[in-house]
Amino acid sequence: KNYINYFSNAYLFFENLYFSYKTKESQDIQKPRKIYIVDNGIRNFNVAIPKPDTGYCAENIIYMELKKTSSLVSYWKGKQETDFVVQNGELQLFNASYTDVPPNREVSGMLEGLNEFGIQKGVILTRNVLETRKVDGKTIEFIPLWVWLLANSRLFFKEQVPMLQKQESLYISGDIPVLDIEPGIGGSGGSGGHFVHFQVINTGEKVAIDCQWGV
């Protein structure tokens with residue numbers, strides 16, 4: 001435990017506590033604390049048997065991103081677990097499910113948390129799933145992690161996001177600035193590479209740009 005305290009004081013490790021309105025309950029030693037690391041590279045370098053653990057790495061990224069704009073980030077667990085309870089004037093709930101087929105336990109865990117705290121909407125961060133579901137009177141938004149990271153970075157730097165209008169399942173805005181890219185799409189992009197894919201995705205009030213680089 002001393003080593004964890006040392007790493008925490010150096011801002012290398014972060015302890016995520018159980019959420020409760022009662023301070024005594026949130027500090028209860030019987031409630032396990034979840035540990036997150038300032039950078040996934042530290043974790044990947046130090047594991048005994050190197051192997052990809054995209055689920056943990058994605059959850060770690062989400063926690064560190066939430067800490068940029070929210071000083072109070074916790075988790076909650078009833079029968080199922082809610083990965084992140086964020087306090088920014090009002091409670092927000094997030095689950096991490098870095099897959100294209102989120103398991104039912106993520107939905108049931110989110111519903112349990114929403115009902116416990118009387119919240120109407122929660123977010124499940126996925127790999128590429130982008131949709132909104134109404135379940136038992138609650139709204140659950142499935143958002144790709146990379147889209148959320150791009151959008152959240154704009155909030156962190158306090159950039160203005162253009163107002164968007166919904167058209168069917170997509171959001172189109174005439175206020176989105178035209179991107180001037182040199183060299184043009186499909187042209188030479190530098191030593192050994194060129195653009196192979198470029199896509200602008202509107203997801204409501206946020207805009208994400210997906211640009212893949214090829215050789």
# chains A, B, ... in the order shown; residues from 1 in each chain; ligands from 1
call {"tool": "residues_around", "arguments": {"residues": "range 108-124 of chain A", "least_positions_apart": "3", "cutoff": "6 Å", "atoms": "only C-alpha atoms", "output": "ChimeraX atom specification"}}
result
/A:80-82,93-96,105,138-142
call {"tool": "select_by_dssp", "arguments": {"residues": "range 39-174 of chain A", "states": "strand (DSSP E or B)", "output": "MDAnalysis selection string"}}
result
chainID A and resid 72:77 81:87 91:96 121:126 131:135 138:144 165:167 170:172
call {"tool": "closest_residue", "arguments": {"among": "A:Asn2, A:Thr126, A:Thr69, A:Thr54", "to": "Asp100 in chain A", "atoms": "only C-alpha atoms"}}
result
A:Thr126
call {"tool": "atom_distance", "arguments": {"atom1": "CA of Asn16 in chain A", "atom2": "CA of Asp83 in chain A"}}
result
9.8 Å
call {"tool": "residues_around", "arguments": {"residues": "range 56-66 of chain A", "least_positions_apart": "5", "cutoff": "8 Å", "atoms": "only C-alpha atoms", "output": "PyMOL selection string"}}
result
chain A and resi 36-40+73+84+86+96+98+145+149+152
call {"tool": "atom_distance", "arguments": {"atom1": "CA of Val85 in chain A", "atom2": "CA of Lys22 in chain A"}}
result
14.6 Å
call {"tool": "atom_distance", "arguments": {"atom1": "CA of Ile143 in chain A", "atom2": "CA of Leu130 in chain A"}}
result
4.8 Å
call {"tool": "closest_residue", "arguments": {"among": "A:Asp53, A:Tyr18, A:Ser97, A:Leu150", "to": "Val129 in chain A", "atoms": "only C-alpha atoms"}}
result
A:Ser97
